[in-house]
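Data file: my_file-v4.txt. Format and content: compact mmCIF, C-alpha atoms and all ligand atoms.
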```txt
# COMPACT_ATOMS: atom_id res chain seq x y z
CA MET Z 1 -2.18 -19.70 -9.21
CA ALA Z 2 0.50 -20.57 -11.74
CA ASP Z 3 1.60 -16.93 -11.61
CA ILE Z 4 1.79 -16.69 -7.83
CA GLN Z 5 5.30 -17.53 -6.65
CA PRO Z 6 6.16 -18.43 -3.07
CA PHE Z 7 8.80 -16.47 -1.18
CA HIS Z 8 11.93 -18.43 -2.02
CA VAL Z 9 13.43 -17.26 1.24
CA MET Z 10 10.73 -19.15 3.12
CA ALA Z 11 12.29 -22.42 2.00
CA LEU Z 12 15.61 -21.17 3.34
CA LEU Z 13 13.99 -20.05 6.58
CA GLN Z 14 12.36 -23.44 6.97
CA ARG Z 15 15.68 -25.15 6.38
CA ALA Z 16 17.28 -22.79 8.91
CA ARG Z 17 14.67 -23.86 11.48
CA VAL Z 18 15.43 -27.53 10.78
CA LEU Z 19 19.15 -26.91 11.27
CA GLU Z 20 18.40 -25.03 14.49
CA ALA Z 21 16.29 -27.93 15.72
CA GLN Z 22 19.36 -30.11 15.13
CA GLY Z 23 21.36 -27.82 17.41
CA ARG Z 24 23.04 -25.59 14.80
CA HIS Z 25 23.30 -21.88 15.48
CA ILE Z 26 22.06 -19.81 12.54
CA VAL Z 27 22.65 -16.10 12.03
CA HIS Z 28 19.44 -14.72 10.59
CA MET Z 29 20.03 -11.99 8.02
CA GLU Z 30 17.09 -13.01 5.84
CA ILE Z 31 14.22 -11.77 7.96
CA GLY Z 32 12.30 -8.69 6.86
CA GLU Z 33 10.96 -7.58 10.19
CA PRO Z 34 12.44 -5.69 13.14
CA ASP Z 35 13.86 -7.86 15.91
CA PHE Z 36 12.60 -5.36 18.49
CA PRO Z 37 9.38 -6.15 20.35
CA SER Z 38 6.34 -3.93 19.90
CA PRO Z 39 6.64 -0.85 22.14
CA GLU Z 40 5.39 -1.56 25.65
CA ALA Z 41 2.70 1.12 25.47
CA VAL Z 42 1.34 -0.61 22.35
CA VAL Z 43 1.22 -4.00 24.01
CA ARG Z 44 -0.48 -2.55 27.10
CA ALA Z 45 -3.07 -0.79 24.95
CA GLY Z 46 -3.80 -4.03 23.09
CA ILE Z 47 -4.33 -5.89 26.37
CA ALA Z 48 -6.48 -3.06 27.76
CA ALA Z 49 -8.63 -3.10 24.62
CA LEU Z 50 -9.21 -6.83 24.99
CA GLU Z 51 -10.01 -6.49 28.68
CA ALA Z 52 -12.43 -3.66 27.97
CA GLY Z 53 -14.29 -5.86 25.52
CA LYS Z 54 -13.24 -3.93 22.43
CA THR Z 55 -13.61 -7.01 20.32
CA HIS Z 56 -16.38 -6.01 17.91
CA TYR Z 57 -16.05 -4.79 14.35
CA THR Z 58 -14.99 -1.21 13.70
CA PRO Z 59 -16.15 0.70 10.61
CA ALA Z 60 -14.56 -0.80 7.48
CA LEU Z 61 -12.38 2.28 6.94
CA GLY Z 62 -11.06 2.01 10.49
CA LEU Z 63 -11.47 3.41 13.98
CA PRO Z 64 -12.16 7.15 13.53
CA GLU Z 65 -9.71 8.16 16.29
CA LEU Z 66 -6.97 6.05 14.69
CA ARG Z 67 -7.63 7.61 11.27
CA ARG Z 68 -7.34 11.05 12.88
CA ALA Z 69 -4.16 10.08 14.74
CA ILE Z 70 -2.57 8.72 11.55
CA ALA Z 71 -3.45 11.94 9.69
CA SER Z 72 -1.93 14.00 12.52
CA SER Z 73 1.26 11.97 12.43
CA TYR Z 74 2.13 13.64 9.09
CA PRO Z 75 3.87 17.02 9.15
CA PRO Z 76 1.54 19.95 8.37
CA GLU Z 77 2.64 20.24 4.74
CA ALA Z 78 1.75 16.59 4.07
CA TYR Z 79 -1.33 16.38 6.34
CA PRO Z 80 -4.08 14.29 4.74
CA GLU Z 81 -7.74 14.65 5.63
CA PRO Z 82 -8.59 11.88 8.14
CA ASP Z 83 -11.50 10.99 5.83
CA HIS Z 84 -8.97 9.91 3.21
CA VAL Z 85 -7.01 7.68 5.61
CA VAL Z 86 -8.08 4.04 5.51
CA VAL Z 87 -6.92 1.56 8.15
CA THR Z 88 -6.06 -1.80 6.62
CA PRO Z 89 -4.80 -5.24 7.68
CA GLY Z 90 -1.16 -4.29 7.17
CA ALA Z 91 0.25 -2.59 4.12
CA SER Z 92 -0.70 -5.87 2.44
CA GLY Z 93 -4.38 -4.99 2.95
CA ALA Z 94 -3.71 -1.54 1.50
CA LEU Z 95 -2.05 -3.08 -1.55
CA GLN Z 96 -5.05 -5.31 -2.15
CA LEU Z 97 -7.55 -2.48 -1.88
CA ILE Z 98 -5.58 -0.22 -4.19
CA MET Z 99 -5.12 -2.85 -6.87
CA ALA Z 100 -8.79 -3.88 -6.53
CA VAL Z 101 -10.05 -0.32 -6.94
CA LEU Z 102 -7.71 0.64 -9.80
CA LEU Z 103 -7.35 -2.33 -12.10
CA ASN Z 104 -9.38 -3.70 -14.93
CA PRO Z 105 -8.24 -6.93 -16.56
CA GLY Z 106 -5.13 -6.30 -18.66
CA ASP Z 107 -4.25 -2.95 -17.08
CA GLU Z 108 -0.53 -2.56 -16.56
CA VAL Z 109 1.24 -1.31 -13.47
CA LEU Z 110 4.88 -0.28 -13.76
CA ILE Z 111 7.02 -1.51 -10.88
CA ALA Z 112 10.76 -1.63 -10.35
CA ASP Z 113 12.72 -4.85 -10.67
CA PRO Z 114 14.01 -5.52 -7.98
CA ALA Z 115 11.03 -4.80 -5.72
CA TYR Z 116 8.94 -6.26 -2.93
CA PRO Z 117 7.81 -9.59 -4.42
CA CYS Z 118 4.15 -9.45 -3.40
CA ASN Z 119 3.48 -6.35 -5.51
CA ARG Z 120 3.35 -8.24 -8.75
CA HIS Z 121 1.11 -10.87 -7.19
CA PHE Z 122 -1.38 -8.34 -5.89
CA ILE Z 123 -1.54 -6.88 -9.38
CA ARG Z 124 -2.04 -10.35 -10.84
CA LEU Z 125 -4.77 -11.20 -8.32
CA PHE Z 126 -6.88 -8.41 -9.78
CA GLU Z 127 -6.13 -9.45 -13.35
CA GLY Z 128 -3.66 -6.66 -13.95
CA GLU Z 129 -0.21 -7.04 -15.40
CA ALA Z 130 2.88 -6.09 -13.45
CA LYS Z 131 5.38 -4.58 -15.82
CA ALA Z 132 8.68 -4.99 -14.10
CA VAL Z 133 11.13 -2.32 -15.23
CA PRO Z 134 14.77 -3.28 -14.68
CA VAL Z 135 16.49 -0.71 -12.47
CA ASP Z 136 20.10 -0.52 -11.39
CA ALA Z 137 22.52 1.60 -9.44
CA SER Z 138 22.41 4.38 -12.06
CA THR Z 139 18.92 5.41 -10.83
CA GLY Z 140 19.44 4.33 -7.23
CA TYR Z 141 17.45 1.15 -8.02
CA GLN Z 142 14.35 3.32 -8.40
CA LEU Z 143 12.05 4.23 -11.26
CA ASN Z 144 12.29 7.77 -12.60
CA THR Z 145 10.37 9.77 -15.18
CA ASP Z 146 12.59 8.67 -18.08
CA LEU Z 147 11.99 5.01 -17.28
CA ILE Z 148 8.29 5.64 -16.79
CA ARG Z 149 7.96 7.34 -20.17
CA GLN Z 150 10.04 4.63 -21.83
CA HIS Z 151 7.88 1.77 -20.53
CA TRP Z 152 4.47 3.45 -20.62
CA THR Z 153 1.95 1.88 -22.99
CA PRO Z 154 -1.72 2.64 -23.68
CA LYS Z 155 -2.54 -0.14 -21.21
CA THR Z 156 -0.51 1.37 -18.36
CA MET Z 157 -2.73 2.56 -15.55
CA ALA Z 158 -0.43 3.08 -12.57
CA VAL Z 159 3.16 3.33 -11.39
CA MET Z 160 4.27 2.01 -8.06
CA VAL Z 161 7.41 2.94 -6.16
CA ALA Z 162 8.64 2.19 -2.66
CA SER Z 163 10.78 4.72 -0.85
CA PRO Z 164 12.82 3.57 1.01
CA SER Z 165 12.73 0.39 -1.02
CA ASN Z 166 12.77 -3.26 -0.14
CA PRO Z 167 15.28 -4.81 -1.03
CA THR Z 168 17.63 -1.88 -1.70
CA GLY Z 169 16.93 0.64 1.09
CA THR Z 170 17.24 3.46 -1.44
CA VAL Z 171 14.90 6.44 -1.58
CA VAL Z 172 13.28 8.46 -4.35
CA PRO Z 173 14.54 12.06 -4.05
CA ALA Z 174 11.81 14.68 -3.52
CA ASP Z 175 12.42 16.31 -6.89
CA ASP Z 176 12.09 12.98 -8.68
CA LEU Z 177 8.83 12.33 -6.86
CA LYS Z 178 7.46 15.70 -7.94
CA GLU Z 179 8.45 14.98 -11.53
CA MET Z 180 6.90 11.53 -11.33
CA ILE Z 181 3.60 12.95 -10.12
CA ALA Z 182 3.52 15.38 -13.04
CA THR Z 183 4.51 12.71 -15.57
CA VAL Z 184 2.16 9.99 -14.38
CA THR Z 185 -0.77 12.37 -14.01
CA GLY Z 186 0.01 13.87 -17.41
CA LEU Z 187 -0.12 10.40 -18.93
CA GLY Z 188 -3.50 9.78 -17.30
CA GLY Z 189 -2.28 7.30 -14.68
CA VAL Z 190 -2.07 7.03 -10.92
CA LEU Z 191 1.06 7.07 -8.74
CA ILE Z 192 1.24 4.69 -5.80
CA VAL Z 193 3.98 5.29 -3.23
CA ASP Z 194 4.78 2.66 -0.62
CA GLU Z 195 6.15 4.55 2.39
CA ILE Z 196 6.22 1.56 4.75
CA TYR Z 197 9.90 2.15 5.65
CA HIS Z 198 9.51 5.90 6.03
CA GLY Z 199 10.42 6.25 9.68
CA ILE Z 200 13.56 4.15 9.27
CA ILE Z 201 15.79 6.64 7.53
CA TYR Z 202 19.41 7.58 8.17
CA ASP Z 203 21.27 10.23 6.24
CA THR Z 204 18.53 12.27 4.73
CA GLU Z 205 15.23 13.94 5.46
CA LEU Z 206 12.24 12.26 3.93
CA ILE Z 207 8.84 13.82 3.51
CA SER Z 208 5.74 11.96 2.41
CA VAL Z 209 4.71 12.33 -1.22
CA LEU Z 210 1.50 13.79 0.22
CA ALA Z 211 3.41 17.06 0.64
CA PHE Z 212 3.43 17.33 -3.17
CA SER Z 213 0.02 15.93 -4.13
CA LYS Z 214 -3.14 14.53 -2.62
CA ASP Z 215 -3.98 12.72 -5.85
CA VAL Z 216 -1.64 9.81 -5.19
CA PHE Z 217 -2.10 6.61 -3.25
CA VAL Z 218 0.15 6.27 -0.22
CA ILE Z 219 0.76 2.99 1.55
CA ASN Z 220 2.10 2.71 5.07
CA SER Z 221 1.96 0.37 8.03
CA PHE Z 222 2.59 -0.11 11.72
CA SER Z 223 4.65 -3.20 10.85
CA LYS Z 224 8.17 -1.86 10.39
CA TYR Z 225 8.88 1.51 12.03
CA TYR Z 226 6.40 0.82 14.84
CA GLY Z 227 7.58 -2.79 15.29
CA MET Z 228 4.11 -4.30 14.99
CA THR Z 229 4.35 -6.83 12.15
CA GLY Z 230 2.19 -9.48 13.78
CA TRP Z 231 -0.64 -7.14 14.79
CA ARG Z 232 -1.53 -6.62 11.11
CA VAL Z 233 -2.38 -2.93 11.02
CA GLY Z 234 -1.46 -0.65 8.17
CA TRP Z 235 -3.07 2.18 6.26
CA LEU Z 236 -3.48 3.86 2.95
CA VAL Z 237 -4.18 7.44 2.06
CA SER Z 238 -6.46 7.64 -0.92
CA PRO Z 239 -7.16 10.36 -3.44
CA PRO Z 240 -10.58 11.72 -2.40
CA ALA Z 241 -12.31 10.33 -5.51
CA TYR Z 242 -11.63 6.69 -4.56
CA VAL Z 243 -12.61 6.67 -0.86
CA GLY Z 244 -16.22 5.58 -1.42
CA ALA Z 245 -15.22 2.66 -3.63
CA ILE Z 246 -12.50 1.64 -1.19
CA ASP Z 247 -15.04 1.65 1.63
CA ARG Z 248 -17.22 -0.79 -0.34
CA LEU Z 249 -14.25 -2.99 -1.13
CA ALA Z 250 -12.99 -2.99 2.47
CA GLN Z 251 -16.46 -3.93 3.73
CA ASN Z 252 -16.50 -6.88 1.39
CA ILE Z 253 -12.92 -8.09 1.56
CA PHE Z 254 -12.03 -7.60 5.26
CA LEU Z 255 -15.09 -6.15 7.02
CA ALA Z 256 -12.55 -4.34 9.20
CA THR Z 257 -9.02 -4.50 10.57
CA SER Z 258 -8.63 -6.26 13.94
CA THR Z 259 -10.20 -4.03 16.59
CA PRO Z 260 -7.80 -4.64 19.53
CA ALA Z 261 -4.90 -4.23 17.13
CA GLN Z 262 -6.26 -0.84 16.03
CA TYR Z 263 -6.44 0.29 19.67
CA ALA Z 264 -2.89 -0.94 20.16
CA ALA Z 265 -1.79 1.01 17.08
CA LEU Z 266 -3.40 4.15 18.48
CA ALA Z 267 -1.02 3.92 21.44
CA ALA Z 268 1.94 4.03 19.02
CA PHE Z 269 1.27 7.79 18.82
CA GLY Z 270 1.22 8.14 22.61
CA PRO Z 271 3.82 9.87 24.78
CA GLY Z 272 7.33 8.45 24.83
CA VAL Z 273 6.88 5.99 21.98
CA GLU Z 274 8.43 8.20 19.29
CA ALA Z 275 11.62 8.60 21.35
CA GLU Z 276 11.82 4.82 21.80
CA LEU Z 277 11.35 4.28 18.06
CA GLN Z 278 13.99 6.87 17.20
CA ASP Z 279 16.44 5.05 19.51
CA ARG Z 280 15.79 1.95 17.47
CA VAL Z 281 16.49 3.84 14.25
CA GLY Z 282 19.83 4.79 15.83
CA ILE Z 283 20.56 1.13 16.47
CA PHE Z 284 19.61 0.22 12.89
CA ARG Z 285 21.95 2.91 11.66
CA GLN Z 286 24.88 1.49 13.66
CA ARG Z 287 24.14 -1.94 12.26
CA ARG Z 288 23.92 -0.61 8.72
CA ASP Z 289 27.23 1.23 9.03
CA TYR Z 290 28.95 -1.85 10.42
CA LEU Z 291 27.51 -4.30 7.91
CA LEU Z 292 28.06 -2.02 4.95
CA SER Z 293 31.80 -1.74 5.48
CA ALA Z 294 32.13 -5.38 6.53
CA LEU Z 295 30.41 -6.63 3.36
CA ILE Z 296 32.48 -4.39 1.11
CA GLU Z 297 35.62 -5.74 2.79
CA LEU Z 298 34.40 -9.28 2.12
CA GLY Z 299 34.12 -8.59 -1.61
CA PHE Z 300 30.46 -7.70 -2.05
CA LYS Z 301 29.78 -4.64 -4.15
CA ILE Z 302 27.27 -2.20 -2.73
CA LEU Z 303 26.74 0.29 -5.48
CA VAL Z 304 24.25 2.58 -3.76
CA ILE Z 305 24.40 3.31 -0.04
CA PRO Z 306 21.05 2.33 1.45
CA GLN Z 307 19.53 5.35 3.17
CA GLY Z 308 16.66 3.65 4.92
CA ALA Z 309 14.82 0.41 5.79
CA PHE Z 310 16.98 -2.38 7.23
CA TYR Z 311 18.35 -4.01 4.10
CA ILE Z 312 21.55 -4.05 2.12
CA TYR Z 313 21.24 -5.21 -1.47
CA ALA Z 314 24.65 -6.53 -2.35
CA ASP Z 315 26.13 -7.45 -5.70
CA CYS Z 316 27.84 -10.80 -5.17
CA SER Z 317 29.02 -11.30 -8.76
CA ASP Z 318 32.70 -11.29 -7.77
CA LEU Z 319 32.01 -14.17 -5.38
CA THR Z 320 29.50 -16.34 -7.26
CA ASP Z 321 27.49 -16.45 -10.47
CA ASP Z 322 24.47 -17.98 -8.77
CA SER Z 323 23.16 -16.09 -5.76
CA PHE Z 324 20.49 -18.68 -5.03
CA GLN Z 325 23.02 -21.48 -4.78
CA PHE Z 326 25.31 -19.16 -2.83
CA ALA Z 327 22.59 -18.45 -0.27
CA THR Z 328 21.73 -22.14 -0.03
CA ILE Z 329 25.31 -23.27 0.56
CA LEU Z 330 26.03 -20.39 2.89
CA LEU Z 331 23.17 -21.55 5.09
CA GLU Z 332 24.17 -25.22 5.01
CA GLN Z 333 27.89 -24.78 5.47
CA ALA Z 334 28.26 -21.54 7.38
CA GLY Z 335 24.95 -21.22 9.21
CA VAL Z 336 24.17 -17.79 7.78
CA ALA Z 337 20.75 -17.12 6.26
CA ILE Z 338 20.38 -14.40 3.61
CA THR Z 339 17.83 -13.77 0.85
CA PRO Z 340 18.71 -14.49 -2.78
CA GLY Z 341 17.99 -11.85 -5.42
CA LEU Z 342 15.48 -14.17 -7.08
CA ASP Z 343 12.88 -13.19 -4.48
CA PHE Z 344 12.77 -9.61 -5.76
CA GLY Z 345 12.50 -10.11 -9.51
CA ALA Z 346 14.44 -11.34 -12.49
CA HIS Z 347 16.79 -8.50 -13.32
CA GLN Z 348 20.34 -9.53 -12.37
CA ALA Z 349 18.77 -11.63 -9.63
CA SER Z 350 21.53 -14.23 -9.69
CA GLN Z 351 24.10 -11.49 -9.03
CA HIS Z 352 22.47 -10.13 -5.90
CA VAL Z 353 21.60 -11.07 -2.36
CA ARG Z 354 19.80 -9.12 0.34
CA PHE Z 355 21.18 -8.85 3.86
CA SER Z 356 18.72 -7.77 6.59
CA TYR Z 357 20.21 -6.22 9.69
CA THR Z 358 17.30 -7.23 11.85
CA THR Z 359 19.49 -8.94 14.40
CA SER Z 360 21.92 -7.63 17.03
CA ILE Z 361 25.28 -6.23 16.05
CA ASP Z 362 26.95 -9.12 17.91
CA GLU Z 363 25.06 -11.60 15.76
CA LEU Z 364 25.92 -9.61 12.64
CA LYS Z 365 29.59 -9.83 13.62
CA VAL Z 366 29.33 -13.61 14.02
CA GLY Z 367 27.63 -13.77 10.62
CA VAL Z 368 30.31 -11.68 8.95
CA GLU Z 369 33.09 -13.86 10.40
CA ARG Z 370 31.32 -16.96 9.14
CA VAL Z 371 30.96 -15.48 5.66
CA ARG Z 372 34.66 -14.55 5.73
CA LEU Z 373 35.66 -18.14 6.55
CA PHE Z 374 33.19 -19.51 4.05
CA LEU Z 375 34.63 -17.40 1.25
CA LYS Z 376 38.10 -18.77 1.99
CA ARG Z 377 36.97 -22.32 1.31
CA PRO Z 378 38.38 -23.87 -1.81
CA GLY Z 379 36.11 -24.77 -4.71
CA LEU Z 380 33.57 -22.01 -4.19
CA SER Z 381 32.05 -20.92 -7.46
C1 LIG V 401 7.85 -2.72 0.60
C2 LIG V 401 6.85 -3.47 1.43
N1 LIG V 401 5.54 -3.18 1.30
C3 LIG V 401 4.61 -3.84 2.01
C4 LIG V 401 4.95 -4.85 2.91
C5 LIG V 401 3.85 -5.54 3.67
O1 LIG V 401 3.88 -5.17 5.03
P1 LIG V 401 2.72 -5.39 6.09
O2 LIG V 401 1.58 -6.04 5.41
O3 LIG V 401 3.31 -6.20 7.20
O4 LIG V 401 2.36 -4.02 6.60
C6 LIG V 401 6.30 -5.17 3.08
C7 LIG V 401 6.71 -6.26 4.00
O5 LIG V 401 7.83 -6.70 4.04
C8 LIG V 401 7.28 -4.46 2.33
O6 LIG V 401 8.59 -4.74 2.44
```
Would you write the structure of this file as structure tokens?
Ligand SMILES: Cc1ncc(COP(=O)(O)O)c(C=O)c1O
Amino acid sequence: MADIQPFHVMALLQRARVLEAQGRHIVHMEIGEPDFPSPEAVVRAGIAALEAGKTHYTPALGLPELRRAIASSYPPEAYPEPDHVVVTPGASGALQLIMAVLLNPGDEVLIADPAYPCNRHFIRLFEGEAKAVPVDASTGYQLNTDLIRQHWTPKTMAVMVASPSNPTGTVVPADDLKEMIATVTGLGGVLIVDEIYHGIIYDTELISVLAFSKDVFVINSFSKYYGMTGWRVGWLVSPPAYVGAIDRLAQNIFLATSTPAQYAALAAFGPGVEAELQDRVGIFRQRRDYLLSALIELGFKILVIPQGAFYIYADCSDLTDDSFQFATILLEQAGVAITPGLDFGAHQASQHVRFSYTTSIDELKVGVERVRLFLKRPGLS
């Protein structure tokens, strides 16, 4: 337990709730989930499943029709066999299964620093060692083959990347992914690609790593693109060799993912939903474009334009030398909640903050004005 850190932003969120209870208005730019409700068709399907009594366990690997629908949601060149698709309680469930099936005590997994904070904890839970590789703007805040080779040791067993990434919103270019597959496989390891933010992409085309190899682990979820965080449904696509072991693990760890939630997720592939979700991506893009230029004007440095997800990872070193304190005071004095870099690792954490644009553009504008006034205050360090 000594190695399992809390989300530091949760303390800020809690404080924000206290301030709100006292009547303060807080602009929330710390929250890592879409502000949109789940699509109506999804909600209706969840209710219908409950009313039809679909409240028993499903097979541990998931509802067969949902596994088929997930497989079919990939373009033909990336199409996985439905038998290799495993439905999980969120991407978090997928992360647990993958680390459980891959790791022996002491095995190392290379991850980027900064990255999604839970990764290193999932690795630790299964007695592995997360080897956080510092990344910066020069590689788009992503690992690449040079970094992988540089940090590989005889104990390294896997490499994990997220594209688009949390907290940076940057993607791994297709050619880099192909090279990574060759490098990691050549070194005798396994590549894990977290594609949870895949649908939320702006200036570029993004194809699943499955188009290049079926011998990688892919993580995805209904949480972000499909707006279903609270339903807790995600999936993984496994290399064929691991499916049997994952089945055994899933039976033991979860038994199954929530049944009504799986039926609700199935409706996410129904008619009309994709158009609704793409409209939302359009709204996210407008917010990103607005916030990006507003933050640069305020004095934040954004060294790589985020191409996906709903985050901007901003260098605040011209404004403060302590991003945690900055985020804390910004909340107290200006009523704006953001996430300090500390939540995503150690590398230059005190120089960075993450802004989420998971609130309306009007709220973002209020937030930006508050930050502008805040930065004009005397005595800010
Ligand atoms: C990169 C990344 N992976 C995985 C998750 C877990 O998502 P969930 O379990 O809700 O599907 C998150 C959540 O924020 C994330 O940002």
Please, which residues in stretch 208-320 of chain Z fall within 7 Å of stretch 41-52 of chain Z when counting all atoms listed in the file, and what is the closest atom pair and distance in Å to one decimal for each, ordered by chain then residue number, as a Markdown table?
```
| residue | atom | partner | partner_atom | distance |
| --- | --- | --- | --- | --- |
| Z:Pro260 | CA | Z:Ala49 | CA | 5.4 |
| Z:Ala261 | CA | Z:Gly46 | CA | 6.1 |
| Z:Tyr263 | CA | Z:Gly46 | CA | 6.1 |
| Z:Ala264 | CA | Z:Gly46 | CA | 4.4 |
| Z:Ala265 | CA | Z:Val42 | CA | 6.3 |
| Z:Ala267 | CA | Z:Val42 | CA | 5.2 |
| Z:Ala268 | CA | Z:Val42 | CA | 5.7 |
```
- prompt: So which residues are near ligand LIG 401 (chain V), meaning at most 10 Å away with all atoms listed in the file counted, given back as an NGL selection string?
  reply: :Z and (31-33 or 88-95 or 115-119 or 161-167 or 169 or 193-197 or 219-224 or 227-235 or 309-311)
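Each of Z:Val9, Z:Pro34, Z:Arg24, Z:Pro59 was compared to Z:Arg248 using only C-alpha atoms, and Z:Pro59 turns out to be the nearest.
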Give me the residues of stretch 297-378 of chain Z that have any atom at most 9 Å from an atom of stretch 135-156 of chain Z; for each, the nearest atom pair and the distance in Å, rounded to one decimal. Use only C-alpha atoms, sort by chain and number, and format it as CSV.
```
residue,atom,partner,partner_atom,distance
Z:Leu303,CA,Z:Ala137,CA,5.9
Z:Val304,CA,Z:Ala137,CA,6.0
Z:Ile305,CA,Z:Gly140,CA,8.8
Z:His347,CA,Z:Val135,CA,7.8
```
Write out, as a JSON list (two decimals), in the frame of the given file, the residues just selected, with C-alpha atoms.
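Now in selection.json:
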```
[["chain", "number", "residue", "atom", "x", "y", "z"],
["Z", 303, "LEU", "CA", 26.74, 0.29, -5.48],
["Z", 304, "VAL", "CA", 24.25, 2.58, -3.76],
["Z", 305, "ILE", "CA", 24.40, 3.31, -0.04],
["Z", 347, "HIS", "CA", 16.79, -8.50, -13.32]]
```
- request: Give me the residues within 9 Å of Z:Val27 as a list in words, counting only C-alpha atoms and dropping any in the same chain fewer than 6 places off.
  value: Leu331, Gly335, Val336, Ala337, Ile338, Thr359, Glu363, Leu364, Val366 and Gly367 of chain Z
field: Proximity to Z:Ala158 - best of Z:Phe344, Z:Tyr290, Z:Phe324, Z:Phe217, all atoms listed in the file
entry: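 Among Z:Phe344, Z:Tyr290, Z:Phe324, Z:Phe217, it is Z:Phe217 that comes nearest to Z:Ala158.
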Could you write out as JSON the box around stretch 192-203 of chain Z (axis-aligned, all atoms listed in the file, 4 Å on each side), with centre and edge lengths in Å to one decimal?
```
{"center_x": 11.3, "center_y": 5.9, "center_z": 1.9, "size_x": 28.0, "size_y": 16.7, "size_z": 23.5}
```
statement: re atom CA of Z:Arg354 and atom CA of Z:Leu277: distance 23.8 Å
statement: Using only C-alpha atoms, the residue out of Z:Val159, Z:Val371, Z:Leu298, Z:Leu210 with shortest distance to Z:Met29 is Z:Val371
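Minimum distance to Z:Thr320 across Z:Arg377, Z:Asp289, Z:His8, Z:His352 (counting only C-alpha atoms) occurs at Z:His352.
When all atoms listed in the file are used to measure the gap to Z:Asp343, the shortest distance among Z:Gln22, Z:Gln307, Z:Ser323, Z:Gln262 belongs to Z:Ser323.
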Who sits within 9 Å of Z:Thr58, all atoms listed in the file, same chain under 6 positions skipped, as a PyMOL selection string: chain Z and resi 64+255-259
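The residue that comes closest to Z:Leu249, out of Z:Val101, Z:Val184, Z:Val18, Z:Val281 and on the basis of all atoms listed in the file, is Z:Val101.
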Length of the atom CA of Z:Glu77 to atom CA of Z:Ala211 vector [Å]: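 It comes out at 5.2 Å.
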message: With all atoms listed in the file as the counted atoms, please give the residues lying no more than 10 Å from stretch 293-297 of chain Z, apart from itself and same-chain residues fewer than 4 positions off, as a ChimeraX atom specification.
response: /Z:288-289,301-303,312,314-316,355,364-365,368-369,371-372
Export, as a compact mmCIF listing (two decimals), keeping the file's coordinate frame, the selected residues with C-alpha atoms.
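Contents of the output file selection03.txt:
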```txt
# COMPACT_ATOMS: atom_id res chain seq x y z
CA ARG Z 288 23.92 -0.61 8.72
CA ASP Z 289 27.23 1.23 9.03
CA LYS Z 301 29.78 -4.64 -4.15
CA ILE Z 302 27.27 -2.20 -2.73
CA LEU Z 303 26.74 0.29 -5.48
CA ILE Z 312 21.55 -4.05 2.12
CA ALA Z 314 24.65 -6.53 -2.35
CA ASP Z 315 26.13 -7.45 -5.70
CA CYS Z 316 27.84 -10.80 -5.17
CA PHE Z 355 21.18 -8.85 3.86
CA LEU Z 364 25.92 -9.61 12.64
CA LYS Z 365 29.59 -9.83 13.62
CA VAL Z 368 30.31 -11.68 8.95
CA GLU Z 369 33.09 -13.86 10.40
CA VAL Z 371 30.96 -15.48 5.66
CA ARG Z 372 34.66 -14.55 5.73
```
- request: Could you jot down the atom CA of Z:Thr328 to atom CA of Z:Tyr313 separation for me, Å, one decimal place?
  value: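 Distance between the two atoms: 17.0 Å.
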